[in-house]
$ cat upload.txt   # compact mmCIF, C-alpha atoms and all ligand atoms
# COMPACT_ATOMS: atom_id res chain seq x y z
CA MET A 1 0.00 0.00 0.00
CA HIS A 2 1.34 3.37 -0.89
CA GLY A 3 -1.37 5.45 0.76
CA ARG A 4 0.08 8.77 1.82
CA THR A 5 3.23 9.31 -0.19
CA ALA A 6 4.51 12.44 1.58
CA GLY A 7 5.86 13.30 -1.85
CA LEU A 8 8.13 10.27 -1.83
CA GLY A 9 6.10 7.69 -3.67
CA PRO A 10 4.75 7.89 -7.19
CA SER A 11 3.46 11.28 -8.21
CA PRO A 12 -0.12 11.68 -6.95
CA GLY A 13 -0.97 13.81 -9.99
CA PRO A 14 -2.64 17.19 -9.86
CA VAL A 15 -3.60 17.86 -6.29
CA LEU A 16 -6.03 20.64 -7.09
CA ALA A 17 -7.91 18.79 -9.82
CA GLY A 18 -11.56 19.70 -9.82
CA GLU A 19 -11.16 22.69 -7.54
CA THR A 20 -13.12 25.69 -8.60
CA THR A 21 -12.00 28.34 -6.14
CA VAL A 22 -10.35 31.36 -7.76
CA ARG A 23 -7.65 31.36 -5.06
CA HIS A 24 -5.66 28.67 -6.88
CA PRO A 25 -4.39 28.22 -10.39
CA GLU A 26 -5.80 25.47 -12.51
CA PRO A 27 -3.75 22.33 -12.06
CA SER A 28 -2.26 20.34 -15.00
CA PHE A 29 -0.23 22.68 -17.24
CA GLY A 30 -2.86 24.70 -15.64
CA PHE A 31 -2.45 28.37 -14.94
CA PRO A 32 -2.96 30.73 -17.83
CA VAL A 33 0.67 31.46 -18.47
CA ALA A 34 -0.03 33.86 -21.31
CA ASP A 35 -2.23 36.07 -19.06
CA TRP A 36 0.44 35.96 -16.42
CA SER A 37 3.13 36.98 -18.86
CA GLU A 38 1.10 39.89 -20.18
CA ASN A 39 0.62 41.23 -16.71
CA SER A 40 3.85 40.19 -15.12
CA LEU A 41 4.89 43.71 -14.30
CA GLY A 42 1.45 45.14 -13.72
CA GLY A 43 -0.19 45.64 -10.35
CA ASN A 44 -2.73 42.93 -11.01
CA GLY A 45 -0.25 40.40 -12.39
CA ILE A 46 -0.76 37.97 -9.52
CA ARG A 47 -4.52 38.23 -9.80
CA SER A 48 -4.29 37.37 -13.49
CA ALA A 49 -1.94 34.53 -12.73
CA VAL A 50 -4.42 32.80 -10.44
CA ARG A 51 -7.51 33.28 -12.55
CA ILE A 52 -9.04 29.96 -13.55
CA SER A 53 -9.20 29.57 -17.31
CA THR A 54 -10.68 26.91 -19.51
CA SER A 55 -7.14 26.03 -20.68
CA PRO A 56 -7.02 27.23 -24.28
CA PHE A 57 -3.22 26.87 -23.92
CA GLN A 58 -3.26 23.23 -22.92
CA SER A 59 -2.53 21.71 -26.32
CA ARG A 60 0.29 24.19 -26.97
CA PHE A 61 1.81 23.28 -23.59
CA LEU A 62 1.56 19.59 -24.33
CA GLU A 63 3.36 20.14 -27.62
CA VAL A 64 6.15 22.02 -25.86
CA LEU A 65 6.45 19.46 -23.08
CA MET A 66 6.60 16.50 -25.41
CA SER A 67 9.33 18.11 -27.47
CA HIS A 68 11.59 18.41 -24.41
CA GLU A 69 11.13 15.37 -22.24
CA VAL A 70 13.09 15.59 -18.98
CA ASN A 71 15.05 12.40 -18.39
CA SER A 72 17.67 13.75 -16.05
CA VAL A 73 18.07 16.65 -13.66
CA ALA A 74 21.28 18.17 -12.31
CA VAL A 75 20.86 19.53 -8.80
CA ILE A 76 23.63 22.01 -8.01
CA GLY A 77 24.26 21.97 -4.27
CA ALA A 78 23.85 19.01 -1.90
CA GLY A 79 22.69 20.87 1.20
CA THR A 80 19.28 20.46 2.82
CA MET A 81 17.31 21.77 -0.16
CA GLY A 82 19.47 20.31 -2.92
CA SER A 83 19.49 16.83 -1.39
CA GLY A 84 15.71 16.96 -1.01
CA ILE A 85 15.24 18.00 -4.65
CA ALA A 86 17.51 15.22 -5.95
CA LEU A 87 15.60 12.72 -3.83
CA ILE A 88 12.14 13.64 -5.12
CA ALA A 89 13.45 13.64 -8.70
CA ALA A 90 14.70 10.08 -8.18
CA THR A 91 11.48 8.90 -6.53
CA SER A 92 9.55 10.37 -9.48
CA GLY A 93 11.51 8.20 -11.92
CA ILE A 94 13.91 10.91 -13.11
CA ASP A 95 17.70 10.40 -13.12
CA ALA A 96 19.38 12.92 -10.82
CA PHE A 97 22.93 14.20 -10.66
CA GLN A 98 23.68 15.49 -7.18
CA VAL A 99 26.43 18.04 -7.73
CA ASP A 100 28.61 19.52 -5.00
CA VAL A 101 32.29 20.43 -4.70
CA SER A 102 32.32 19.19 -1.10
CA PRO A 103 32.75 15.40 -0.67
CA GLU A 104 31.40 15.70 2.91
CA GLN A 105 28.23 17.35 1.66
CA LEU A 106 27.76 14.63 -0.98
CA GLU A 107 28.21 11.95 1.70
CA ARG A 108 25.65 13.67 3.91
CA ALA A 109 23.19 13.80 1.01
CA LYS A 110 23.75 10.11 0.31
CA GLY A 111 23.05 9.25 3.94
CA TYR A 112 19.91 11.41 3.92
CA HIS A 113 18.61 9.71 0.77
CA ALA A 114 19.19 6.25 2.20
CA LYS A 115 17.52 7.19 5.49
CA VAL A 116 14.38 8.73 3.99
CA LEU A 117 13.91 5.91 1.49
CA ALA A 118 14.39 3.25 4.17
CA ARG A 119 11.73 5.04 6.24
CA ASN A 120 9.42 4.88 3.23
CA VAL A 121 9.89 1.15 2.92
CA GLU A 122 9.32 0.72 6.66
CA LYS A 123 6.10 2.74 6.36
CA GLU A 124 5.07 0.67 3.30
CA ARG A 125 4.99 3.74 1.08
CA MET A 126 7.31 1.99 -1.35
CA THR A 127 8.75 -1.46 -1.89
CA GLU A 128 12.35 -2.44 -1.31
CA GLY A 129 12.78 -2.74 -5.09
CA GLU A 130 11.49 0.81 -5.60
CA MET A 131 13.92 2.04 -2.97
CA VAL A 132 16.87 0.35 -4.71
CA ALA A 133 15.74 1.77 -8.08
CA ALA A 134 15.44 5.29 -6.65
CA LEU A 135 18.91 5.12 -5.09
CA ALA A 136 20.36 3.86 -8.37
CA ARG A 137 18.92 6.90 -10.17
CA ILE A 138 21.10 9.31 -8.16
CA THR A 139 24.70 9.93 -9.28
CA TYR A 140 26.90 11.92 -6.90
CA VAL A 141 29.39 14.12 -8.75
CA ASP A 142 31.80 16.89 -7.80
CA SER A 143 31.49 19.06 -10.92
CA MET A 144 28.80 20.35 -13.24
CA ASP A 145 30.80 19.02 -16.14
CA ALA A 146 30.17 15.47 -14.91
CA ALA A 147 26.43 16.21 -15.12
CA LYS A 148 26.47 18.00 -18.47
CA SER A 149 24.10 15.55 -20.16
CA ALA A 150 21.22 16.63 -17.88
CA ASP A 151 18.16 18.18 -19.57
CA TRP A 152 17.36 20.31 -16.55
CA ALA A 153 19.46 22.11 -13.96
CA VAL A 154 18.25 23.40 -10.62
CA GLU A 155 20.58 25.44 -8.49
CA ALA A 156 20.24 25.12 -4.71
CA ALA A 157 23.51 26.65 -3.53
CA THR A 158 24.30 29.39 -1.03
CA GLU A 159 21.92 32.36 -1.06
CA ASN A 160 24.48 34.85 -2.35
CA PRO A 161 24.01 36.87 -5.58
CA GLU A 162 27.70 36.76 -6.58
CA ILE A 163 27.92 33.00 -6.11
CA LYS A 164 24.71 32.51 -8.06
CA ALA A 165 25.96 34.73 -10.90
CA LYS A 166 29.09 32.58 -11.25
CA LEU A 167 27.10 29.35 -11.07
CA PHE A 168 24.57 30.48 -13.67
CA ALA A 169 27.30 31.54 -16.10
CA THR A 170 28.79 28.03 -15.75
CA MET A 171 25.36 26.39 -16.01
CA ARG A 172 24.73 28.28 -19.26
CA ALA A 173 28.04 27.04 -20.67
CA THR A 174 27.63 23.46 -19.41
CA PHE A 175 24.08 22.23 -20.01
CA PRO A 176 22.43 21.68 -23.40
CA ASP A 177 20.54 24.48 -25.12
CA HIS A 178 17.16 22.86 -24.39
CA ALA A 179 17.86 22.69 -20.62
CA VAL A 180 15.91 24.90 -18.24
CA LEU A 181 18.19 26.66 -15.73
CA ALA A 182 16.16 26.87 -12.51
CA THR A 183 17.05 28.38 -9.17
CA ASN A 184 15.70 27.48 -5.75
CA THR A 185 16.45 30.98 -4.46
CA SER A 186 14.11 32.13 -1.70
CA SER A 187 14.49 35.86 -2.31
CA ILE A 188 17.04 36.86 -4.95
CA SER A 189 15.55 38.33 -8.12
CA ILE A 190 15.20 35.82 -10.97
CA THR A 191 15.66 38.69 -13.43
CA GLN A 192 18.99 39.52 -11.79
CA ILE A 193 20.20 35.90 -11.72
CA ALA A 194 19.25 35.52 -15.41
CA THR A 195 21.57 38.35 -16.45
CA ALA A 196 24.53 36.00 -15.87
CA THR A 197 23.29 33.71 -18.65
CA GLY A 198 23.24 36.23 -21.52
CA ASP A 199 21.02 34.99 -24.34
CA ALA A 200 19.67 32.10 -22.23
CA ALA A 201 17.68 34.35 -19.86
CA ASP A 202 14.43 32.98 -21.33
CA ARG A 203 15.33 29.57 -19.84
CA VAL A 204 15.96 30.90 -16.31
CA VAL A 205 13.13 30.42 -13.82
CA GLY A 206 12.53 30.31 -10.07
CA MET A 207 11.64 26.85 -8.78
CA HIS A 208 11.25 27.48 -5.07
CA PHE A 209 10.89 24.32 -3.00
CA PHE A 210 10.15 24.23 0.73
CA ASN A 211 11.86 22.46 3.60
CA PRO A 212 11.56 19.50 4.13
CA VAL A 213 11.35 19.04 0.36
CA PRO A 214 9.98 15.47 0.44
CA VAL A 215 7.12 16.56 2.72
CA MET A 216 6.13 20.07 1.59
CA LYS A 217 3.74 20.15 -1.35
CA LEU A 218 4.46 23.61 -2.74
CA VAL A 219 6.75 24.73 -5.52
CA GLU A 220 6.57 28.49 -6.06
CA VAL A 221 7.26 29.06 -9.77
CA ILE A 222 8.74 32.49 -10.45
CA LYS A 223 8.86 34.13 -13.83
CA GLY A 224 11.66 36.64 -14.35
CA LEU A 225 11.34 39.47 -16.82
CA ALA A 226 12.85 37.41 -19.65
CA THR A 227 11.54 33.94 -18.68
CA SER A 228 9.56 32.48 -21.56
CA ASP A 229 6.06 31.05 -21.24
CA GLU A 230 7.49 27.77 -22.48
CA THR A 231 9.98 27.65 -19.59
CA VAL A 232 7.20 28.35 -17.10
CA ALA A 233 4.99 25.64 -18.61
CA ARG A 234 7.81 23.12 -18.49
CA THR A 235 8.57 24.05 -14.86
CA VAL A 236 4.95 23.57 -13.86
CA ALA A 237 4.91 20.19 -15.59
CA LEU A 238 8.13 19.00 -13.95
CA ALA A 239 6.97 20.11 -10.50
CA GLU A 240 3.74 18.17 -10.98
CA ARG A 241 5.67 15.15 -12.16
CA MET A 242 7.63 15.38 -8.90
CA GLY A 243 4.35 15.17 -6.99
CA LYS A 244 4.29 18.87 -6.07
CA THR A 245 1.73 21.62 -6.47
CA PRO A 246 3.25 24.45 -8.51
CA ILE A 247 1.85 27.92 -7.90
CA PRO A 248 2.99 30.96 -9.87
CA ALA A 249 4.30 34.20 -8.46
CA ASN A 250 5.87 37.23 -10.05
CA ASP A 251 9.46 38.32 -9.60
CA ARG A 252 9.25 40.67 -6.63
CA ALA A 253 11.49 40.38 -3.57
CA GLY A 254 10.52 37.39 -1.44
CA PHE A 255 7.93 36.37 -4.05
CA VAL A 256 4.76 35.46 -2.09
CA SER A 257 5.93 32.93 0.49
CA ASN A 258 8.68 34.91 2.17
CA ARG A 259 7.05 38.29 1.71
CA VAL A 260 4.20 37.03 3.87
CA LEU A 261 6.08 34.62 6.16
CA MET A 262 9.06 36.79 7.13
CA PRO A 263 7.10 39.74 8.61
CA LEU A 264 5.16 37.19 10.66
CA ILE A 265 8.35 35.65 12.01
CA ASN A 266 9.81 39.12 12.60
CA GLU A 267 6.74 40.17 14.59
CA ALA A 268 7.10 37.07 16.77
CA PHE A 269 10.66 38.18 17.63
CA CYS A 270 9.41 41.70 18.41
CA ALA A 271 6.66 40.29 20.65
CA TRP A 272 9.28 38.24 22.51
CA MET A 273 11.66 41.25 22.74
CA GLU A 274 8.90 43.45 24.15
CA GLY A 275 8.04 40.84 26.77
CA VAL A 276 4.56 40.13 25.44
CA ALA A 277 5.25 36.43 26.05
CA GLU A 278 8.08 33.91 26.21
CA PRO A 279 9.00 32.00 23.01
CA GLU A 280 7.27 28.79 24.12
CA ALA A 281 4.04 30.70 24.75
CA ILE A 282 4.24 32.60 21.45
CA ASP A 283 4.72 29.35 19.56
CA GLU A 284 1.99 27.47 21.44
CA ILE A 285 -0.46 30.32 20.84
CA MET A 286 0.19 30.22 17.09
CA LYS A 287 0.06 26.41 17.00
CA LEU A 288 -3.11 25.97 18.99
CA GLY A 289 -4.86 29.15 17.90
CA CYS A 290 -3.89 29.28 14.23
CA ASN A 291 -3.15 25.63 13.49
CA PHE A 292 0.48 26.21 12.57
CA PRO A 293 2.43 22.92 12.48
CA MET A 294 5.24 24.71 14.34
CA GLY A 295 5.21 28.16 15.93
CA PRO A 296 6.94 31.08 14.13
CA LEU A 297 9.97 31.13 16.45
CA ARG A 298 10.46 27.36 16.19
CA LEU A 299 10.08 27.74 12.42
CA ALA A 300 12.73 30.49 12.41
CA ASP A 301 15.16 28.08 14.13
CA PHE A 302 14.23 25.43 11.55
CA ILE A 303 14.84 27.79 8.59
CA GLY A 304 17.95 29.34 10.18
CA LEU A 305 17.97 32.73 11.89
CA ASP A 306 20.70 33.98 9.53
CA VAL A 307 18.60 32.93 6.53
CA CYS A 308 15.52 34.73 7.96
CA HIS A 309 17.64 37.80 8.64
CA ASP A 310 19.12 37.85 5.13
CA ILE A 311 15.72 37.41 3.47
CA MET A 312 14.32 40.27 5.57
CA MET A 313 17.21 42.49 4.47
CA VAL A 314 16.49 41.70 0.82
CA LEU A 315 12.81 42.57 1.39
CA TYR A 316 13.77 45.76 3.21
CA ARG A 317 16.25 46.89 0.57
CA GLU A 318 14.16 45.94 -2.46
CA LEU A 319 10.75 47.06 -1.25
CA GLY A 320 11.94 49.98 0.88
CA ASP A 321 9.46 49.42 3.69
CA GLN A 322 10.58 49.66 7.34
CA LYS A 323 8.21 46.83 8.28
CA PHE A 324 10.64 44.32 6.76
CA PHE A 325 13.65 45.48 8.82
CA PRO A 326 14.81 42.61 11.08
CA CYS A 327 13.93 42.91 14.76
CA PRO A 328 16.97 43.94 16.90
CA LEU A 329 16.68 40.74 18.93
CA LEU A 330 16.86 38.61 15.79
CA ARG A 331 19.93 40.58 14.65
CA GLN A 332 21.53 40.09 18.05
CA LEU A 333 21.03 36.31 18.03
CA VAL A 334 22.54 36.08 14.54
CA THR A 335 25.54 38.18 15.64
CA ALA A 336 26.04 35.82 18.59
CA GLY A 337 26.07 32.82 16.23
CA ARG A 338 22.78 31.45 17.51
CA LEU A 339 21.49 30.42 14.10
CA GLY A 340 18.90 27.78 15.05
CA ASP A 341 18.86 24.00 14.56
CA LYS A 342 22.03 23.98 12.47
CA SER A 343 24.21 25.67 15.13
CA GLY A 344 22.65 23.81 18.06
CA GLN A 345 21.16 26.99 19.51
CA GLY A 346 18.83 29.69 18.28
CA VAL A 347 15.64 30.77 19.97
CA TYR A 348 15.71 27.31 21.54
CA ASP A 349 18.49 24.99 22.65
CA HIS A 350 18.86 22.13 20.12
CA SER A 351 22.11 20.79 21.46
CA ARG A 352 20.49 17.81 23.19
N1 LIG B 401 12.88 14.76 5.25
C1 LIG B 401 11.99 13.81 4.95
N2 LIG B 401 10.91 13.55 5.71
C2 LIG B 401 10.77 14.27 6.83
C3 LIG B 401 11.68 15.28 7.23
C4 LIG B 401 12.77 15.50 6.38
N3 LIG B 401 13.69 16.43 6.64
N4 LIG B 401 11.25 15.82 8.39
C5 LIG B 401 10.12 15.18 8.73
N5 LIG B 401 9.83 14.27 7.78
C6 LIG B 401 8.70 13.35 7.78
C7 LIG B 401 8.84 12.38 8.91
O1 LIG B 401 9.58 11.24 8.53
C8 LIG B 401 7.40 12.06 9.19
O2 LIG B 401 6.91 11.11 8.28
P1 LIG B 401 6.38 9.68 8.77
O3 LIG B 401 6.28 9.67 10.26
O4 LIG B 401 5.05 9.60 8.11
O5 LIG B 401 7.37 8.74 8.25
C9 LIG B 401 6.65 13.33 8.86
O6 LIG B 401 7.52 14.11 8.02
C10 LIG B 401 6.30 14.11 10.08
O7 LIG B 401 7.49 14.37 10.81
P2 LIG B 401 7.61 14.30 12.40
O8 LIG B 401 6.60 13.32 12.93
O9 LIG B 401 9.03 14.10 12.74
O10 LIG B 401 7.32 15.75 12.93
P3 LIG B 401 6.14 16.74 12.60
O11 LIG B 401 4.82 16.06 12.51
O12 LIG B 401 6.31 17.87 13.54
O13 LIG B 401 6.47 17.28 11.13
C11 LIG B 401 7.43 18.96 9.82
C12 LIG B 401 7.68 17.89 10.85
C13 LIG B 401 6.98 18.31 8.50
C14 LIG B 401 8.75 19.69 9.59
C15 LIG B 401 6.31 19.92 10.34
O14 LIG B 401 6.65 20.37 11.61
C16 LIG B 401 6.07 21.10 9.45
O15 LIG B 401 5.37 21.01 8.45
N6 LIG B 401 6.65 22.27 9.81
C17 LIG B 401 6.56 23.48 9.00
C18 LIG B 401 7.59 23.41 7.91
C19 LIG B 401 7.59 24.65 7.08
O16 LIG B 401 6.86 25.60 7.29
N7 LIG B 401 8.48 24.65 6.06
C20 LIG B 401 8.66 25.78 5.21
C21 LIG B 401 9.83 26.58 5.70
S1 LIG B 401 10.10 28.00 4.70
C22 LIG B 401 11.01 27.41 3.42
O17 LIG B 401 11.40 26.29 3.31
C23 LIG B 401 11.28 28.35 2.31
C24 LIG B 401 12.10 29.51 2.54
O18 LIG B 401 12.35 30.16 1.54
C25 LIG B 401 12.62 29.96 3.85

$ encode --input "upload.txt" --output "structure tokens"
Amino acid sequence: MHGRTAGLGPSPGPVLAGETTVRHPEPSFGFPVADWSENSLGGNGIRSAVRISTSPFQSRFLEVLMSHEVNSVAVIGAGTMGSGIALIAATSGIDAFQVDVSPEQLERAKGYHAKVLARNVEKERMTEGEMVAALARITYVDSMDAAKSADWAVEAATENPEIKAKLFATMRATFPDHAVLATNTSSISITQIATATGDAADRVVGMHFFNPVPVMKLVEVIKGLATSDETVARTVALAERMGKTPIPANDRAGFVSNRVLMPLINEAFCAWMEGVAEPEAIDEIMKLGCNFPMGPLRLADFIGLDVCHDIMMVLYRELGDQKFFPCPLLRQLVTAGRLGDKSGQGVYDHSR
């Protein structure tokens, strides 16, 4: 029995099929990409993007998708996000190159893949044979060159514009001309990243996964200024094939997810700093009162306080609104090296 796949079993297909609410895009090859493109810089771009259409574009999308079948994906970066992306590619039947210059990081990714897949077998979400097949689909390599046959590249490296610019210039030179060059950035402008690829900017797209990748259903698909409709359509199709629910957003700082999430997290820090309540109480209130799976301060530790801080600074700089400026207490914790789960201490003590 496969039952609940948690994104690790076979793709469950379009999750939103049959939904009629205007809050979501239509599922398979679903949202009206042409409308979105026309309005991508306009104030109502998002509204257009989520309008349900009767899919007059569907056959064109199918044509495009069939002409560029994705057999293999190169995932650049083997950290938390990159290792999750390679894993769901493999469990969706796609060959994955896990690329990282650090042998330790590749080893960690390998261990993570084995652990999650073994858990899936234990939970009867997949058979032992499926686990072995998924593991065999992942090749661990230390250079992009070793992955150059991939028909898709997704970058999940450090959240630093200079590093991404270098990586995207190399990706442009390495992967075939039909390959989409996607980035998992959580806040850096897709339009900016695309400038490093010269005439391939139409193939650069945001493919924003969420942590833990095998569990979280969303992929935020972000269209930069030069991203083609074809690239967006192919990204939506690949995300669906990976068992995810792709939802479009325009290229504004923080897109939708972090523009909404980060001020919430920031406010939780301010409430703590002002003595409104202790962290445990703030988190319990949001869990029990708002049905959050984890409270905002616990989530900040999970994401990384430095990552939250950096995203808030991008929002602050790009959107120019004081409300995005990181709370002094958050800044202080980051300065002290209390970065959350990864450093053993953040808002909470994770050392035990
Ligand atoms: N990889 C794979 N599977 C994982 C996992 C991981 N890293 N972490 C948890 N799971 C699985 C567990 O194995 C478990 O599955 P089974 O028991 O069915 O085998 C299931 O998820 C539930 O895990 P737990 O029982 O350990 O704990 P939980 O019920 O508290 O769930 C959680 C853990 C899924 C992380 C949940 O707390 C949650 O959803 N938290 C919110 C996560 C979130 O908001 N993520 C987005 C962060 S923002 C971001 O990523 C983008 C950005 O740009 C900053």

$ closest_residue --input "upload.txt" --among "A:Asn71, A:Ser102, A:Thr227, A:Thr183" --to "ligand LIG 401 (chain B)" --atoms "all atoms listed in the file"
A:Thr183

$ closest_residue --input "upload.txt" --among "A:Leu238, A:Ile247, A:Ala118, A:Ala89" --to "ligand LIG 401 (chain B)" --atoms "all atoms listed in the file"
A:Ala118

$ atom_distance --input "upload.txt" --atom1 "CA of Glu230 in chain A" --atom2 "CA of Asp151 in chain A"
14.6 Å

$ closest_residue --input "upload.txt" --among "A:His208, A:Glu267, A:Thr231, A:Leu297" --to "Asp341 in chain A" --atoms "only C-alpha atoms"
A:Leu297

$ residues_near_ligand --input "upload.txt" --ligand "ligand LIG 401 (chain B)" --cutoff "8 Å" --atoms "only C-alpha atoms and all ligand atoms" --output "number ranges by chain"
A: 6, 80, 84, 112, 116, 119-120, 123, 185-187, 208-216, 257-258, 261, 292-294, 299, 302-303, 307-308

$ write_last_selection --input "upload.txt" --atoms "C-alpha atoms" --output "PDB file, in the coordinates of the input"
ATOM      1  CA  ALA A   6       4.510  12.440   1.580  1.00  0.00           C
ATOM      2  CA  THR A  80      19.280  20.460   2.820  1.00  0.00           C
ATOM      3  CA  GLY A  84      15.710  16.960  -1.010  1.00  0.00           C
ATOM      4  CA  TYR A 112      19.910  11.410   3.920  1.00  0.00           C
ATOM      5  CA  VAL A 116      14.380   8.730   3.990  1.00  0.00           C
ATOM      6  CA  ARG A 119      11.730   5.040   6.240  1.00  0.00           C
ATOM      7  CA  ASN A 120       9.420   4.880   3.230  1.00  0.00           C
ATOM      8  CA  LYS A 123       6.100   2.740   6.360  1.00  0.00           C
ATOM      9  CA  THR A 185      16.450  30.980  -4.460  1.00  0.00           C
ATOM     10  CA  SER A 186      14.110  32.130  -1.700  1.00  0.00           C
ATOM     11  CA  SER A 187      14.490  35.860  -2.310  1.00  0.00           C
ATOM     12  CA  HIS A 208      11.250  27.480  -5.070  1.00  0.00           C
ATOM     13  CA  PHE A 209      10.890  24.320  -3.000  1.00  0.00           C
ATOM     14  CA  PHE A 210      10.150  24.230   0.730  1.00  0.00           C
ATOM     15  CA  ASN A 211      11.860  22.460   3.600  1.00  0.00           C
ATOM     16  CA  PRO A 212      11.560  19.500   4.130  1.00  0.00           C
ATOM     17  CA  VAL A 213      11.350  19.040   0.360  1.00  0.00           C
ATOM     18  CA  PRO A 214       9.980  15.470   0.440  1.00  0.00           C
ATOM     19  CA  VAL A 215       7.120  16.560   2.720  1.00  0.00           C
ATOM     20  CA  MET A 216       6.130  20.070   1.590  1.00  0.00           C
ATOM     21  CA  SER A 257       5.930  32.930   0.490  1.00  0.00           C
ATOM     22  CA  ASN A 258       8.680  34.910   2.170  1.00  0.00           C
ATOM     23  CA  LEU A 261       6.080  34.620   6.160  1.00  0.00           C
ATOM     24  CA  PHE A 292       0.480  26.210  12.570  1.00  0.00           C
ATOM     25  CA  PRO A 293       2.430  22.920  12.480  1.00  0.00           C
ATOM     26  CA  MET A 294       5.240  24.710  14.340  1.00  0.00           C
ATOM     27  CA  LEU A 299      10.080  27.740  12.420  1.00  0.00           C
ATOM     28  CA  PHE A 302      14.230  25.430  11.550  1.00  0.00           C
ATOM     29  CA  ILE A 303      14.840  27.790   8.590  1.00  0.00           C
ATOM     30  CA  VAL A 307      18.600  32.930   6.530  1.00  0.00           C
ATOM     31  CA  CYS A 308      15.520  34.730   7.960  1.00  0.00           C
TER      32      CYS A 308
END

$ atom_distance --input "upload.txt" --atom1 "CA of Phe269 in chain A" --atom2 "CA of Leu330 in chain A"
6.5 Å

$ residues_around --input "upload.txt" --residues "range 157-173 of chain A" --least-positions-apart "5" --cutoff "6 Å" --atoms "all atoms listed in the file" --output "compact mmCIF listing (two decimals) with C-alpha atoms, in the coordinates of the input"
# COMPACT_ATOMS: atom_id res chain seq x y z
CA GLY A 77 24.26 21.97 -4.27
CA ILE A 193 20.20 35.90 -11.72
CA ALA A 196 24.53 36.00 -15.87
CA THR A 197 23.29 33.71 -18.65

$ closest_atom_pairs --input "upload.txt" --of "range 146-202 of chain A" --to "range 135-141 of chain A" --cutoff "12 Å" --atoms "all atoms listed in the file" --output "JSON lines"
{"residue": "A:Ala146", "atom": "CA", "partner": "A:Val141", "partner_atom": "CA", "distance": 6.4}
{"residue": "A:Ala147", "atom": "CA", "partner": "A:Val141", "partner_atom": "CA", "distance": 7.3}
{"residue": "A:Lys148", "atom": "CA", "partner": "A:Val141", "partner_atom": "CA", "distance": 10.9}
{"residue": "A:Ala150", "atom": "CA", "partner": "A:Thr139", "partner_atom": "CA", "distance": 11.4}

$ closest_residue --input "upload.txt" --among "A:Arg331, A:Arg125, A:Lys223, A:Arg317" --to "Asp251 in chain A" --atoms "only C-alpha atoms"
A:Lys223

$ residues_around --input "upload.txt" --residues "Glu280 in chain A" --least-positions-apart "4" --cutoff "10 Å" --atoms "all atoms listed in the file" --output "list of chain:residue names"
A:Trp272, A:Glu284, A:Ile285, A:Gly295, A:Leu297, A:Arg298, A:Val347, A:Tyr348

$ closest_residue --input "upload.txt" --among "A:Ala78, A:Ala237, A:Ala253, A:Ile88" --to "Lys110 in chain A" --atoms "only C-alpha atoms"
A:Ala78

$ residues_around --input "upload.txt" --residues "Val256 in chain A" --least-positions-apart "6" --cutoff "12 Å" --atoms "only C-alpha atoms" --output "list of chain:residue names"
A:Ile46, A:Ser186, A:Ser187, A:His208, A:Leu218, A:Val219, A:Glu220, A:Val221, A:Ile222, A:Ile247, A:Pro248, A:Ala249, A:Asn250, A:Met262, A:Pro263, A:Leu315

$ closest_residue --input "upload.txt" --among "A:Val180, A:Leu339, A:Ala90, A:Ile85" --to "Asp202 in chain A" --atoms "only C-alpha atoms"
A:Val180

$ residues_near_point --input "upload.txt" --point "(16.2, 24.1, -24.8)" --cutoff "12 Å" --atoms "only C-alpha atoms" --output "compact mmCIF listing (two decimals) with C-alpha atoms, in the coordinates of the input"
# COMPACT_ATOMS: atom_id res chain seq x y z
CA VAL A 64 6.15 22.02 -25.86
CA LEU A 65 6.45 19.46 -23.08
CA SER A 67 9.33 18.11 -27.47
CA HIS A 68 11.59 18.41 -24.41
CA GLU A 69 11.13 15.37 -22.24
CA VAL A 70 13.09 15.59 -18.98
CA ALA A 150 21.22 16.63 -17.88
CA ASP A 151 18.16 18.18 -19.57
CA TRP A 152 17.36 20.31 -16.55
CA ALA A 153 19.46 22.11 -13.96
CA ARG A 172 24.73 28.28 -19.26
CA PHE A 175 24.08 22.23 -20.01
CA PRO A 176 22.43 21.68 -23.40
CA ASP A 177 20.54 24.48 -25.12
CA HIS A 178 17.16 22.86 -24.39
CA ALA A 179 17.86 22.69 -20.62
CA VAL A 180 15.91 24.90 -18.24
CA LEU A 181 18.19 26.66 -15.73
CA ASP A 199 21.02 34.99 -24.34
CA ALA A 200 19.67 32.10 -22.23
CA ALA A 201 17.68 34.35 -19.86
CA ASP A 202 14.43 32.98 -21.33
CA ARG A 203 15.33 29.57 -19.84
CA VAL A 204 15.96 30.90 -16.31
CA SER A 228 9.56 32.48 -21.56
CA GLU A 230 7.49 27.77 -22.48
CA THR A 231 9.98 27.65 -19.59
CA ARG A 234 7.81 23.12 -18.49

$ atom_distance --input "upload.txt" --atom1 "CA of Arg241 in chain A" --atom2 "CA of Gln98 in chain A"
18.7 Å

$ residues_around --input "upload.txt" --residues "Ala336 in chain A" --least-positions-apart "4" --cutoff "12 Å" --atoms "all atoms listed in the file" --output "mmCIF file with C-alpha atoms, in the coordinates of the input"
data_model
loop_
_atom_site.group_PDB
_atom_site.id
_atom_site.type_symbol
_atom_site.label_atom_id
_atom_site.label_comp_id
_atom_site.auth_asym_id
_atom_site.auth_seq_id
_atom_site.Cartn_x
_atom_site.Cartn_y
_atom_site.Cartn_z
ATOM 1 C CA LEU A 305 17.970 32.730 11.890
ATOM 2 C CA ASP A 306 20.700 33.980 9.530
ATOM 3 C CA LEU A 329 16.680 40.740 18.930
ATOM 4 C CA LEU A 330 16.860 38.610 15.790
ATOM 5 C CA ARG A 331 19.930 40.580 14.650
ATOM 6 C CA GLN A 332 21.530 40.090 18.050
ATOM 7 C CA GLY A 340 18.900 27.780 15.050
ATOM 8 C CA SER A 343 24.210 25.670 15.130
ATOM 9 C CA GLN A 345 21.160 26.990 19.510
ATOM 10 C CA GLY A 346 18.830 29.690 18.280
ATOM 11 C CA VAL A 347 15.640 30.770 19.970
#
